[in-house]
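Text of upload_5.txt (compact mmCIF, C-alpha atoms) as supplied:
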# COMPACT_ATOMS: atom_id res chain seq x y z
CA MET X 294 -25.34 -76.58 -9.80
CA THR X 295 -23.64 -74.26 -12.26
CA GLU X 296 -20.92 -75.52 -14.56
CA LEU X 297 -18.34 -73.70 -12.43
CA ASN X 298 -19.51 -75.52 -9.32
CA ASP X 299 -19.35 -79.05 -10.66
CA PHE X 300 -17.66 -81.15 -7.98
CA SER X 301 -18.68 -84.49 -9.51
CA ARG X 302 -15.07 -85.68 -9.78
CA GLN X 303 -14.74 -85.52 -5.98
CA SER X 304 -18.18 -86.87 -5.11
CA PHE X 305 -16.45 -89.86 -3.48
CA LEU X 306 -15.70 -87.50 -0.57
CA GLY X 307 -19.21 -88.25 0.61
CA LYS X 308 -22.77 -87.10 0.78
CA ASP X 309 -23.05 -83.34 1.22
CA SER X 310 -19.26 -82.94 1.03
CA SER X 311 -19.57 -79.99 -1.38
CA LYS X 312 -21.97 -78.24 1.01
CA ILE X 313 -19.77 -79.03 4.01
CA LEU X 314 -16.68 -77.63 2.29
CA ALA X 315 -18.54 -74.56 1.02
CA GLU X 316 -19.62 -73.76 4.60
CA THR X 317 -16.21 -74.42 6.18
CA ARG X 318 -14.20 -71.46 7.47
CA VAL X 319 -10.45 -71.99 7.21
CA ALA X 320 -7.78 -69.75 8.69
CA ILE X 321 -4.38 -69.84 7.01
CA VAL X 322 -1.56 -68.21 8.94
CA GLY X 323 1.37 -67.56 6.62
CA LEU X 324 0.76 -67.20 2.88
CA GLY X 325 4.27 -67.97 1.69
CA GLY X 326 5.48 -71.13 -0.01
CA GLY X 327 3.31 -73.50 2.04
CA GLY X 328 0.26 -71.36 2.74
CA SER X 329 -0.22 -70.25 -0.87
CA HIS X 330 -0.28 -73.90 -1.99
CA ILE X 331 -2.83 -74.72 0.72
CA ALA X 332 -5.02 -71.77 -0.27
CA GLN X 333 -4.97 -72.84 -3.91
CA GLN X 334 -5.84 -76.47 -3.15
CA LEU X 335 -8.66 -75.48 -0.76
CA ALA X 336 -10.11 -73.23 -3.46
CA HIS X 337 -10.07 -76.11 -5.96
CA LEU X 338 -11.76 -78.31 -3.34
CA GLY X 339 -14.55 -75.76 -2.97
CA VAL X 340 -13.92 -74.40 0.52
CA GLY X 341 -16.11 -71.32 0.84
CA HIS X 342 -14.68 -69.14 3.64
CA TYR X 343 -11.10 -68.00 4.15
CA ARG X 344 -9.22 -65.99 6.76
CA LEU X 345 -5.80 -65.16 5.33
CA ILE X 346 -3.20 -63.74 7.69
CA ASP X 347 0.35 -62.68 6.84
CA PRO X 348 2.13 -59.39 7.53
CA GLN X 349 4.52 -59.49 4.60
CA GLU X 350 4.70 -58.09 1.11
CA ILE X 351 6.15 -60.23 -1.63
CA GLU X 352 9.84 -59.98 -2.53
CA ALA X 353 11.73 -61.22 -5.58
CA SER X 354 13.18 -64.13 -3.59
CA ASN X 355 9.61 -65.39 -2.95
CA LEU X 356 8.88 -66.00 -6.63
CA ASN X 357 10.60 -69.39 -6.49
CA ARG X 358 7.69 -70.82 -4.52
CA ILE X 359 4.60 -68.65 -3.90
CA VAL X 360 1.79 -70.06 -6.00
CA GLY X 361 -0.13 -67.35 -7.84
CA ALA X 362 2.54 -64.68 -7.47
CA THR X 363 3.81 -62.78 -10.52
CA SER X 364 6.69 -60.50 -11.34
CA GLU X 365 4.18 -57.64 -11.41
CA ASP X 366 3.34 -58.41 -7.77
CA VAL X 367 7.01 -58.00 -6.90
CA ALA X 368 7.20 -54.71 -8.79
CA GLU X 369 4.07 -53.45 -7.05
CA LYS X 370 5.12 -54.87 -3.67
CA ASN X 371 1.75 -56.55 -3.26
CA SER X 372 0.93 -58.23 0.03
CA LYS X 373 0.99 -62.02 0.23
CA VAL X 374 -2.59 -62.08 1.54
CA LYS X 375 -3.85 -60.06 -1.44
CA ILE X 376 -2.05 -62.40 -3.85
CA ALA X 377 -3.69 -65.39 -2.16
CA GLU X 378 -7.07 -63.66 -2.18
CA ARG X 379 -6.76 -63.03 -5.93
CA LEU X 380 -5.72 -66.65 -6.53
CA ILE X 381 -8.70 -68.05 -4.59
CA HIS X 382 -11.15 -65.71 -6.31
CA SER X 383 -9.76 -66.66 -9.71
CA ILE X 384 -10.84 -70.25 -8.97
CA ARG X 385 -13.95 -69.64 -6.81
CA PRO X 386 -15.29 -66.11 -7.36
CA TRP X 387 -18.00 -66.78 -4.75
CA ALA X 388 -15.56 -67.51 -1.92
CA LYS X 389 -15.83 -65.19 1.08
CA ILE X 390 -12.38 -64.00 2.12
CA ASP X 391 -11.19 -61.89 5.05
CA VAL X 392 -7.56 -60.82 5.01
CA ALA X 393 -5.26 -59.34 7.63
CA GLN X 394 -1.87 -58.02 6.57
CA ASN X 395 -0.67 -58.31 10.10
CA GLU X 396 0.87 -60.66 12.63
CA TRP X 397 -1.69 -63.31 13.54
CA GLN X 398 -1.59 -62.18 17.17
CA HIS X 399 -3.25 -58.96 15.97
CA ALA X 400 -5.86 -60.84 13.95
CA GLY X 401 -7.31 -63.13 16.61
CA ASP X 402 -10.87 -62.39 15.48
CA LEU X 403 -10.14 -64.19 12.21
CA LEU X 404 -9.10 -67.33 14.07
CA LYS X 405 -11.74 -67.61 16.79
CA ASP X 406 -14.75 -68.46 14.64
CA ALA X 407 -12.80 -70.42 12.03
CA HIS X 408 -13.28 -74.19 11.91
CA VAL X 409 -9.60 -75.06 11.47
CA ILE X 410 -6.24 -73.29 11.60
CA PHE X 411 -3.46 -73.99 9.12
CA GLY X 412 -0.07 -72.93 10.48
CA CYS X 413 2.54 -72.14 7.84
CA VAL X 414 4.91 -70.15 10.00
CA ASP X 415 8.67 -70.15 10.47
CA GLY X 416 10.27 -71.37 13.67
CA TYR X 417 9.35 -73.66 16.53
CA ARG X 418 8.35 -70.90 18.92
CA GLN X 419 5.82 -69.41 16.49
CA ARG X 420 4.37 -72.89 16.00
CA MET X 421 4.04 -73.32 19.74
CA TYR X 422 2.23 -69.99 20.08
CA LEU X 423 -0.12 -70.77 17.21
CA GLU X 424 -0.98 -74.23 18.52
CA ASN X 425 -1.55 -72.58 21.89
CA ALA X 426 -4.14 -70.32 20.21
CA ALA X 427 -5.78 -73.32 18.51
CA ARG X 428 -6.11 -75.03 21.91
CA ARG X 429 -7.52 -71.90 23.52
CA PHE X 430 -10.08 -71.62 20.70
CA CYS X 431 -10.73 -75.41 20.71
CA LEU X 432 -9.82 -75.88 17.04
CA PRO X 433 -7.94 -78.45 14.96
CA TYR X 434 -4.44 -77.26 14.09
CA ILE X 435 -2.61 -78.36 10.92
CA ASP X 436 1.04 -77.38 10.72
CA ILE X 437 3.59 -77.71 7.94
CA GLY X 438 7.24 -76.82 7.81
CA MET X 439 10.41 -77.69 5.93
CA ASP X 440 14.10 -77.35 6.50
CA VAL X 441 17.30 -77.76 4.53
CA VAL X 442 20.37 -78.86 6.44
CA LYS X 443 23.94 -78.90 5.13
CA ILE X 444 25.26 -82.36 5.89
CA SER X 445 28.63 -82.12 4.10
CA THR X 446 30.51 -79.65 1.91
CA GLU X 447 28.18 -79.88 -1.06
CA THR X 448 25.37 -82.06 0.24
CA TYR X 449 22.07 -80.81 1.61
CA ALA X 450 19.29 -82.78 3.26
CA VAL X 451 15.74 -81.59 2.61
CA ALA X 452 13.18 -82.54 5.24
CA GLY X 453 9.74 -81.47 6.37
CA GLN X 454 6.70 -82.46 8.35
CA MET X 455 2.94 -82.16 8.46
CA ILE X 456 1.40 -82.38 11.91
CA MET X 457 -2.31 -82.26 12.75
CA THR X 458 -3.39 -81.97 16.38
CA LEU X 459 -6.83 -81.83 18.01
CA PRO X 460 -7.81 -79.93 21.19
CA ASP X 461 -8.25 -83.06 23.32
CA GLY X 462 -5.42 -85.08 21.80
CA PRO X 463 -1.66 -84.92 22.20
CA CYS X 464 -0.12 -81.53 21.36
CA MET X 465 3.14 -80.96 19.49
CA LYS X 466 5.00 -81.00 22.81
CA CYS X 467 3.43 -84.36 23.78
CA LEU X 468 4.40 -85.74 20.35
CA GLY X 469 8.01 -84.73 20.86
CA PHE X 470 8.11 -82.28 17.96
CA LEU X 471 8.29 -79.14 20.11
CA SER X 472 11.06 -80.08 22.52
CA GLN X 473 12.69 -77.68 24.96
CA ASP X 474 16.00 -78.46 23.27
CA ARG X 475 14.70 -77.30 19.88
CA LEU X 476 13.10 -74.19 21.37
CA ASP X 477 16.32 -73.31 23.21
CA LYS X 478 18.48 -73.83 20.11
CA GLU X 479 16.18 -71.62 18.07
CA GLU X 480 16.22 -68.93 20.75
CA ASN X 481 20.01 -68.96 20.94
CA ALA X 482 20.42 -68.91 17.15
CA TYR X 483 18.10 -65.95 16.78
CA GLY X 484 19.55 -63.39 14.39
CA ASP X 485 22.12 -65.83 13.07
CA ALA X 486 19.82 -68.15 11.13
CA GLY X 487 20.45 -66.60 7.72
CA ILE X 488 18.00 -67.13 4.86
CA THR X 489 15.50 -69.91 5.45
CA PRO X 490 15.77 -72.29 2.48
CA GLN X 491 12.45 -73.02 0.77
CA VAL X 492 11.61 -74.76 -2.50
CA VAL X 493 8.35 -75.03 -4.37
CA TRP X 494 8.06 -78.79 -4.80
CA THR X 495 8.68 -79.61 -1.14
CA ASN X 496 6.26 -76.88 -0.06
CA GLY X 497 3.73 -78.37 -2.48
CA THR X 498 4.17 -81.90 -1.12
CA LEU X 499 3.72 -80.74 2.48
CA ALA X 500 0.73 -78.57 1.55
CA SER X 501 -0.90 -81.58 -0.13
CA LEU X 502 -0.41 -83.64 3.03
CA ALA X 503 -2.01 -80.83 5.06
CA VAL X 504 -4.99 -80.57 2.73
CA GLY X 505 -5.36 -84.37 2.85
CA ALA X 506 -5.50 -84.20 6.65
CA PHE X 507 -8.09 -81.42 6.39
CA VAL X 508 -10.30 -83.42 4.00
CA ARG X 509 -10.15 -86.42 6.33
CA LEU X 510 -11.25 -84.22 9.22
CA PHE X 511 -14.19 -82.55 7.48
CA THR X 512 -15.66 -84.95 4.92
CA PRO X 513 -17.15 -88.43 5.29
CA TRP X 514 -14.53 -89.84 2.89
CA PHE X 515 -12.09 -91.49 5.30
CA LYS X 516 -11.99 -91.12 9.06
CA SER X 517 -8.63 -91.20 10.75
CA SER X 518 -8.54 -93.49 13.77
CA ARG X 519 -5.99 -91.30 15.55
CA ASP X 520 -6.36 -87.96 17.29
CA PHE X 521 -3.19 -86.62 15.65
CA GLU X 522 -1.17 -87.02 12.47
CA TRP X 523 2.56 -86.57 12.04
CA LEU X 524 3.91 -87.30 8.61
CA GLU X 525 7.61 -86.85 7.94
CA LEU X 526 8.98 -86.01 4.50
CA GLU X 527 12.49 -87.15 3.67
CA GLY X 528 12.90 -84.75 0.81
CA ASN X 529 16.03 -86.05 -0.91
CA ASN X 530 14.44 -89.46 -1.60
CA GLN X 531 10.91 -88.00 -1.56
CA LEU X 532 9.65 -90.45 1.05
CA VAL X 533 6.69 -89.73 3.30
CA THR X 534 6.33 -91.84 6.44
CA GLN X 535 4.40 -91.71 9.70
CA SER X 536 6.71 -90.41 12.38
CA ARG X 537 7.55 -92.96 15.06
CA GLN X 538 8.52 -90.32 17.58
CA PRO X 539 5.04 -90.19 19.19
CA GLU X 540 5.42 -93.87 20.14
CA TYR X 541 8.33 -92.92 22.40
CA ASN X 542 7.10 -89.53 23.57
CA ILE X 543 3.38 -89.69 24.38
CA LYS X 544 3.11 -90.34 28.12
CA GLY X 545 -0.67 -90.18 28.50
CA LEU X 546 -3.18 -87.36 28.31
CA CYS X 547 -1.89 -83.93 27.30
CA CYS X 548 -0.58 -82.11 30.37
CA HIS X 549 0.24 -78.87 28.53
CA TYR X 550 -3.28 -77.62 27.80
CA SER X 551 -6.52 -77.90 29.76
CA PRO X 552 -10.18 -77.22 28.81
CA GLU X 553 -10.15 -74.72 31.70
CA ASP X 554 -7.82 -72.54 29.63
CA ARG X 555 -10.28 -72.15 26.74
CA GLY X 556 -11.84 -68.87 25.71
CA ASP X 557 -11.21 -65.30 26.78
CA PRO X 558 -10.36 -65.06 30.50
CA PHE X 559 -11.64 -61.46 30.52
CA PHE X 560 -14.89 -62.23 28.70
CA ASP X 561 -17.92 -60.29 29.87
CA VAL X 562 -21.28 -60.94 28.22
CA ARG X 563 -22.44 -57.49 29.36
CA GLN X 564 -19.98 -55.95 26.87
CA ILE X 565 -21.63 -57.43 23.78
CA THR X 566 -24.72 -56.49 21.86
CA PRO X 567 -27.41 -59.17 21.49
CA VAL X 568 -26.79 -61.71 18.77
CA GLY X 569 -29.45 -62.15 16.12
CA MET Y 68 -23.90 -61.85 14.71
CA ILE Y 69 -23.77 -65.63 14.95
CA SER Y 70 -23.52 -67.74 18.08
CA ILE Y 71 -21.42 -70.89 18.06
CA PHE Y 72 -21.36 -73.74 20.58
CA ARG Y 73 -18.07 -75.64 20.24
CA ALA Y 74 -17.08 -78.88 21.96
CA THR Y 75 -14.80 -81.81 21.28
CA ASP Y 76 -16.31 -84.98 19.89
CA SER Y 77 -14.96 -87.09 22.75
CA PHE Y 78 -16.54 -84.73 25.29
CA LEU Y 79 -19.96 -84.86 23.59
CA GLN Y 80 -19.81 -88.65 23.29
CA ALA Y 81 -19.09 -88.91 27.00
CA VAL Y 82 -22.00 -86.55 27.81
CA LYS Y 83 -24.39 -88.55 25.62
CA GLN Y 84 -23.25 -91.82 27.19
CA GLU Y 85 -23.91 -90.40 30.65
CA LEU Y 86 -27.32 -88.98 29.65
CA ASP Y 87 -28.30 -92.28 28.04
CA ARG Y 88 -27.93 -94.28 31.29
CA PRO Y 89 -31.26 -95.36 32.78
CA HIS Y 90 -32.37 -93.63 35.99
CA PRO Y 91 -34.16 -95.51 38.80
CA PHE Y 92 -37.41 -93.60 38.16
CA ALA Y 93 -36.90 -90.64 35.82
CA ALA Y 94 -37.59 -91.25 32.13
CA GLU Y 95 -34.48 -89.31 31.07
CA ARG Y 96 -31.34 -87.81 32.56
CA VAL Y 97 -30.28 -84.17 32.64
CA GLY Y 98 -27.09 -82.32 33.48
CA PHE Y 99 -25.13 -79.11 32.94
CA ILE Y 100 -22.27 -78.24 30.61
CA SER Y 101 -19.99 -75.47 31.89
CA VAL Y 102 -18.60 -73.20 29.17
CA HIS Y 103 -16.01 -70.52 28.57
CA ALA Y 104 -16.64 -67.85 25.95
CA MET Y 105 -15.04 -65.40 23.52
CA THR Y 106 -16.24 -62.97 20.91
CA THR Y 107 -15.23 -61.63 17.52
CA HIS Y 108 -16.73 -58.60 15.78
CA ASN Y 109 -19.58 -60.80 14.53
CA ALA Y 110 -19.62 -63.99 16.58
CA LEU Y 111 -20.10 -65.23 20.11
CA VAL Y 112 -18.25 -68.52 20.64
CA LEU Y 113 -19.06 -70.81 23.58
CA LEU Y 114 -16.44 -73.43 24.44
CA ALA Y 115 -17.50 -76.48 26.45
CA GLU Y 116 -15.28 -77.14 29.43
CA ALA Y 117 -16.80 -79.85 31.64
CA TYR Y 118 -19.95 -81.89 32.24
CA HIS Y 119 -21.76 -81.80 35.57
CA PRO Y 120 -24.33 -84.61 35.83
CA VAL Y 121 -27.35 -84.30 38.10
CA ALA Y 122 -26.97 -86.92 40.83
CA ASP Y 123 -29.51 -89.75 41.00
CA ASP Y 124 -30.87 -88.50 44.32
CA ASP Y 125 -31.40 -84.97 43.02
CA TYR Y 126 -34.28 -85.89 40.70
CA VAL Y 127 -37.90 -85.41 41.74
CA ASP Y 128 -40.22 -88.38 41.12
CA GLU Y 129 -42.64 -86.64 38.75
CA PRO Y 130 -44.07 -89.05 36.15
CA THR Y 131 -45.75 -86.30 34.07
CA VAL Y 132 -42.37 -85.06 32.76
CA GLY Y 133 -39.26 -86.82 31.45
CA ALA Y 134 -37.06 -85.52 34.26
CA MET Y 135 -37.54 -82.98 37.01
CA MET Y 136 -34.60 -81.57 38.96
CA GLY Y 137 -34.91 -80.97 42.68
CA HIS Y 138 -33.67 -77.86 44.46
CA GLU Y 139 -30.39 -79.57 45.35
CA ALA Y 140 -29.58 -80.14 41.65
CA ILE Y 141 -30.05 -76.44 40.90
CA ARG Y 142 -28.10 -75.43 44.01
CA LYS Y 143 -25.11 -77.58 42.98
CA ALA Y 144 -25.13 -76.11 39.45
CA LEU Y 145 -25.31 -72.57 40.85
CA ASN Y 146 -22.38 -73.46 43.07
CA VAL Y 147 -20.23 -74.34 40.05
CA ALA Y 148 -20.97 -70.95 38.45
CA LEU Y 149 -20.36 -69.16 41.74
CA PHE Y 150 -16.86 -70.53 42.24
CA GLN Y 151 -15.70 -70.95 38.64
CA PRO Y 152 -15.73 -68.34 35.83
CA VAL Y 153 -18.08 -70.33 33.62
CA GLY Y 154 -21.51 -70.17 32.02
CA MET Y 155 -23.88 -73.07 32.72
CA PHE Y 156 -25.96 -74.82 30.06
CA HIS Y 157 -28.66 -77.31 31.02
CA VAL Y 158 -28.56 -80.32 28.73
CA HIS Y 159 -30.66 -83.36 27.95
CA LEU Y 160 -30.79 -85.97 25.19
CA HIS Y 161 -33.59 -86.94 22.82
CA ASP Y 162 -33.30 -90.56 21.77
CA HIS Y 163 -33.40 -90.10 17.98
CA ARG Y 164 -31.36 -88.77 15.04
CA GLY Y 165 -32.09 -85.49 13.30
CA ALA Y 166 -32.79 -82.02 14.63
CA PRO Y 167 -34.14 -82.11 18.20
CA ARG Y 168 -36.60 -79.52 19.50
CA PHE Y 169 -37.32 -78.25 22.97
CA SER Y 170 -40.76 -79.29 24.24
CA ARG Y 171 -43.20 -76.70 25.53
CA THR Y 172 -42.40 -77.97 29.05
CA ASP Y 173 -38.64 -77.53 28.41
CA LEU Y 174 -39.15 -73.92 27.31
CA HIS Y 175 -41.38 -73.20 30.30
CA GLU Y 176 -39.08 -74.82 32.88
CA GLN Y 177 -35.93 -73.13 31.51
CA LEU Y 178 -37.45 -69.74 32.30
CA LYS Y 179 -37.68 -70.79 35.94
CA PHE Y 180 -34.00 -71.57 36.57
CA VAL Y 181 -31.66 -70.30 33.80
CA PRO Y 182 -31.97 -66.58 34.72
CA ASP Y 183 -30.94 -67.46 38.29
CA PHE Y 184 -27.39 -68.16 37.08
CA PHE Y 185 -26.94 -64.43 36.44
CA LYS Y 186 -27.26 -63.87 40.21
CA VAL Y 187 -24.03 -65.80 40.77
CA ARG Y 188 -22.18 -65.29 37.44
CA PRO Y 189 -23.53 -62.18 35.68
CA ASN Y 190 -20.58 -61.83 33.24
CA MET Y 191 -21.21 -65.15 31.48
CA PRO Y 192 -24.00 -66.33 29.17
CA HIS Y 193 -26.09 -69.28 30.37
CA GLY Y 194 -28.63 -71.43 28.62
CA ALA Y 195 -30.00 -74.80 27.60
CA ILE Y 196 -29.22 -77.42 24.98
CA VAL Y 197 -31.09 -80.46 23.74
CA MET Y 198 -29.13 -83.05 21.81
CA SER Y 199 -30.18 -85.88 19.55
CA HIS Y 200 -27.74 -88.63 18.61
CA ASN Y 201 -26.29 -86.49 15.80
CA LEU Y 202 -27.54 -82.89 16.13
CA ALA Y 203 -28.38 -80.31 18.78
CA THR Y 204 -30.43 -77.19 19.40
CA GLY Y 205 -29.81 -74.57 22.01
CA ARG Y 206 -30.77 -71.25 23.56
CA ILE Y 207 -28.47 -68.64 25.09
CA TRP Y 208 -29.46 -66.15 27.77
CA LEU Y 209 -27.31 -63.03 27.25
CA THR Y 210 -29.07 -61.31 30.12
CA PRO Y 211 -31.79 -62.66 32.44
CA GLU Y 212 -34.30 -61.39 29.85
CA THR Y 213 -32.51 -61.67 26.48
CA VAL Y 214 -32.63 -65.10 24.84
CA VAL Y 215 -31.19 -66.03 21.44
CA SER Y 216 -30.78 -69.30 19.58
CA ILE Y 217 -27.47 -71.05 19.07
CA SER Y 218 -26.85 -70.72 15.34
CA GLU Y 219 -24.06 -73.25 14.86
CA PHE Y 220 -22.71 -76.31 16.68
CA ASN Y 221 -19.03 -77.17 16.10
CA THR Y 222 -17.95 -80.70 16.99
CA ILE Y 223 -14.17 -80.98 16.99
CA GLY Y 224 -12.56 -84.39 16.53
CA SER Y 225 -11.24 -86.84 13.99
CA ARG Y 226 -14.56 -86.13 12.25
CA THR Y 227 -15.09 -82.41 12.69
CA SER Y 228 -18.49 -80.91 11.88
CA HIS Y 229 -20.19 -77.53 11.89
CA ASP Y 230 -23.94 -77.87 11.82
CA ARG Y 231 -26.06 -74.81 11.23
CA ILE Y 232 -29.34 -74.64 13.06
CA GLU Y 233 -31.92 -72.76 11.07
CA ARG Y 234 -34.62 -72.55 13.73
CA LEU Y 235 -35.64 -73.80 17.17
Re-express the file's structure as structure tokens.
Amino acid sequence: MTELNDFSRQSFLGKDSSKILAETRVAIVGLGGGGSHIAQQLAHLGVGHYRLIDPQEIEASNLNRIVGATSEDVAEKNSKVKIAERLIHSIRPWAKIDVAQNEWQHAGDLLKDAHVIFGCVDGYRQRMYLENAARRFCLPYIDIGMDVVKISTETYAVAGQMIMTLPDGPCMKCLGFLSQDRLDKEENAYGDAGITPQVVWTNGTLASLAVGAFVRLFTPWFKSSRDFEWLELEGNNQLVTQSRQPEYNIKGLCCHYSPEDRGDPFFDVRQITPVG
Amino acid sequence: MISIFRATDSFLQAVKQELDRPHPFAAERVGFISVHAMTTHNALVLLAEAYHPVADDDYVDEPTVGAMMGHEAIRKALNVALFQPVGMFHVHLHDHRGAPRFSRTDLHEQLKFVPDFFKVRPNMPHGAIVMSHNLATGRIWLTPETVVSISEFNTIGSRTSHDRIERL
């Protein structure tokens, strides 16, 4: 072990945890306020393989929250994925990183052979589509998101959530997070939503919860007894609690996704060259 | 190019539980896992869909091997691949922990029936897997003649793992 790869302070994560993390392939969709925090924390943890997907270049308004971004990046209009790539390599030069400055729907190859997908996207519908992809590829999906709601003239409520779902557990529709009502409201408000409020400390809290869920999934440290996690952040008082909504919403096995829907429906083995 | 076999933890536990049940005369049980598939520029990913156990009556009483399937067992498995767009992977369980290995008999017998699946479902890969209580090894037929090893097993669950297999 070189000095730069000393993970002794996190050896409690379990036997071989450094090797497990170094061999894990993570896909992060969205490298803004949430995704950049996740990328940074995963690099510190020693995750070895990254697939970074985001179509956007950085803007001045992003500097309030994107970890690793600089004013020079804004001047040079650098892409968010390149900023994240530089950040990860500054911590772990040996990390293998694939980037796609594109919508994730055009970068499916980077998701299919990942071991987990982090979703840091805006909007309920995008979350639904991304979880749909995770189910099709039979992968764990870890989602974070925050919102700021004006509750009176000068009062704002900050809230957010971290949700982890597994391919054979309840999905975000089963849990009650992705409701038809929310999807409809978002669809009808399209184009009138204004600027999405985002702040660095709430993004950081949610990213930490997501990375905690990831570590529980992949290392021997602490096994969750549930096949999903939904943590709610009440941002004004900075309280994190387990959501109680699944207790009222889960009606049995997931009826939205089936193992029959996995993979590529047009797959043809005769189209590929032999694997080595 | 790597090849990945991916299944949920609950699915694999259920398969192992079924394979671990004693049979009236066979020393071990066998079955088939149906799979879907997808590719990237450098990976073939197989996704387990369902388990198809070999019925008690479809074993041949042959004490020189752990388990021998009769014609009816093969016919039923071929039937699944004929009517569903899936690849079929023969599976059995070795009662130990650590990396399992196919026996010489396994390797010989696989050559007799795995290529037949291409007659009914030529667009899907087929193959064979042997599991231990914590690891697995497998072979993929990409054509009736082209066989490669599964290079990585992904188990997806509240404890997710990705075990690399270095060799058969």
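In this structure, atom CA of Leu178 of chain Y sits 19.6 Å away from atom CA of Arg563 of chain X.
Across the model, the gap from atom CA of Gln535 of chain X to atom CA of Val451 of chain X is 16.8 Å.
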Could you produce a table of the residues of chain Y lying within 8 Å of chain X, with the nearest pair of atoms per residue and their separation in Å rounded to one decimal, using all atoms listed in the file, ordered by chain and increasing residue number, as JSON lines?
{"residue": "Y:Met68", "atom": "CA", "partner": "X:Val568", "partner_atom": "CA", "distance": 5.0}
{"residue": "Y:Ile69", "atom": "CA", "partner": "X:Val568", "partner_atom": "CA", "distance": 6.3}
{"residue": "Y:Ser70", "atom": "CA", "partner": "X:Val568", "partner_atom": "CA", "distance": 6.9}
{"residue": "Y:Ile71", "atom": "CA", "partner": "X:Asp406", "partner_atom": "CA", "distance": 7.9}
{"residue": "Y:Arg73", "atom": "CA", "partner": "X:Cys431", "partner_atom": "CA", "distance": 7.4}
{"residue": "Y:Ala74", "atom": "CA", "partner": "X:Cys431", "partner_atom": "CA", "distance": 7.3}
{"residue": "Y:Thr75", "atom": "CA", "partner": "X:Asp461", "partner_atom": "CA", "distance": 7.0}
{"residue": "Y:Ser77", "atom": "CA", "partner": "X:Asp461", "partner_atom": "CA", "distance": 7.8}
{"residue": "Y:His103", "atom": "CA", "partner": "X:Gly556", "partner_atom": "CA", "distance": 5.3}
{"residue": "Y:Ala104", "atom": "CA", "partner": "X:Gly556", "partner_atom": "CA", "distance": 4.9}
{"residue": "Y:Met105", "atom": "CA", "partner": "X:Asp557", "partner_atom": "CA", "distance": 5.0}
{"residue": "Y:Thr106", "atom": "CA", "partner": "X:Asp402", "partner_atom": "CA", "distance": 7.7}
{"residue": "Y:Thr107", "atom": "CA", "partner": "X:Asp402", "partner_atom": "CA", "distance": 4.9}
{"residue": "Y:His108", "atom": "CA", "partner": "X:Asp402", "partner_atom": "CA", "distance": 7.0}
{"residue": "Y:Ala110", "atom": "CA", "partner": "X:Asp406", "partner_atom": "CA", "distance": 6.9}
{"residue": "Y:Leu111", "atom": "CA", "partner": "X:Val568", "partner_atom": "CA", "distance": 7.7}
{"residue": "Y:Val112", "atom": "CA", "partner": "X:Asp406", "partner_atom": "CA", "distance": 6.9}
{"residue": "Y:Leu113", "atom": "CA", "partner": "X:Gly556", "partner_atom": "CA", "distance": 7.8}
{"residue": "Y:Leu114", "atom": "CA", "partner": "X:Gly556", "partner_atom": "CA", "distance": 6.6}
{"residue": "Y:Ala115", "atom": "CA", "partner": "X:Pro552", "partner_atom": "CA", "distance": 7.7}
{"residue": "Y:Glu116", "atom": "CA", "partner": "X:Pro552", "partner_atom": "CA", "distance": 5.1}
{"residue": "Y:Ala117", "atom": "CA", "partner": "X:Pro552", "partner_atom": "CA", "distance": 7.7}
{"residue": "Y:Pro189", "atom": "CA", "partner": "X:Val562", "partner_atom": "CA", "distance": 7.9}
{"residue": "Y:Asn190", "atom": "CA", "partner": "X:Asp561", "partner_atom": "CA", "distance": 4.6}
{"residue": "Y:Met191", "atom": "CA", "partner": "X:Val562", "partner_atom": "CA", "distance": 5.3}
{"residue": "Y:Pro192", "atom": "CA", "partner": "X:Val562", "partner_atom": "CA", "distance": 6.1}
{"residue": "Y:Leu209", "atom": "CA", "partner": "X:Val562", "partner_atom": "CA", "distance": 6.5}
{"residue": "Y:Thr210", "atom": "CA", "partner": "X:Arg563", "partner_atom": "CA", "distance": 7.7}
{"residue": "Y:Thr213", "atom": "CA", "partner": "X:Pro567", "partner_atom": "CA", "distance": 7.6}
{"residue": "Y:Val215", "atom": "CA", "partner": "X:Val568", "partner_atom": "CA", "distance": 6.7}
{"residue": "Y:Asn221", "atom": "CA", "partner": "X:His408", "partner_atom": "CA", "distance": 7.7}
{"residue": "Y:Ile223", "atom": "CA", "partner": "X:Leu432", "partner_atom": "CA", "distance": 6.7}
{"residue": "Y:Gly224", "atom": "CA", "partner": "X:Leu459", "partner_atom": "CA", "distance": 6.4}
{"residue": "Y:Ser225", "atom": "CA", "partner": "X:Leu510", "partner_atom": "CA", "distance": 5.4}
{"residue": "Y:Arg226", "atom": "CA", "partner": "X:Leu510", "partner_atom": "CA", "distance": 4.9}
{"residue": "Y:Thr227", "atom": "CA", "partner": "X:Phe511", "partner_atom": "CA", "distance": 5.3}
{"residue": "Y:Ser228", "atom": "CA", "partner": "X:Phe511", "partner_atom": "CA", "distance": 6.4}
{"residue": "Y:His229", "atom": "CA", "partner": "X:Thr317", "partner_atom": "CA", "distance": 7.6}
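Proximity of X:Arg385, X:Tyr417, X:Tyr541, X:Ala353 to Asp477 of chain X, computed with all atoms listed in the file, is greatest for X:Tyr417.
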Identify, on the basis of all atoms listed in the file, every residue whose closest approach to Asp128 of chain Y does not exceed 8 Å; exclude the query and any residue fewer than 3 positions from it along the same chain; express the result as a ChimeraX atom specification.
/Y:92-93,135
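Shortest atom-to-atom contact with Gln84 of chain Y among Y:Leu160, Y:Val127, Y:Leu174, Y:Ala195: Y:Leu160, counting only C-alpha atoms.
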Distance of atom CA of Pro120 of chain Y from atom CA of Ile100 of chain Y, expressed in Å to one decimal place
8.5 Å
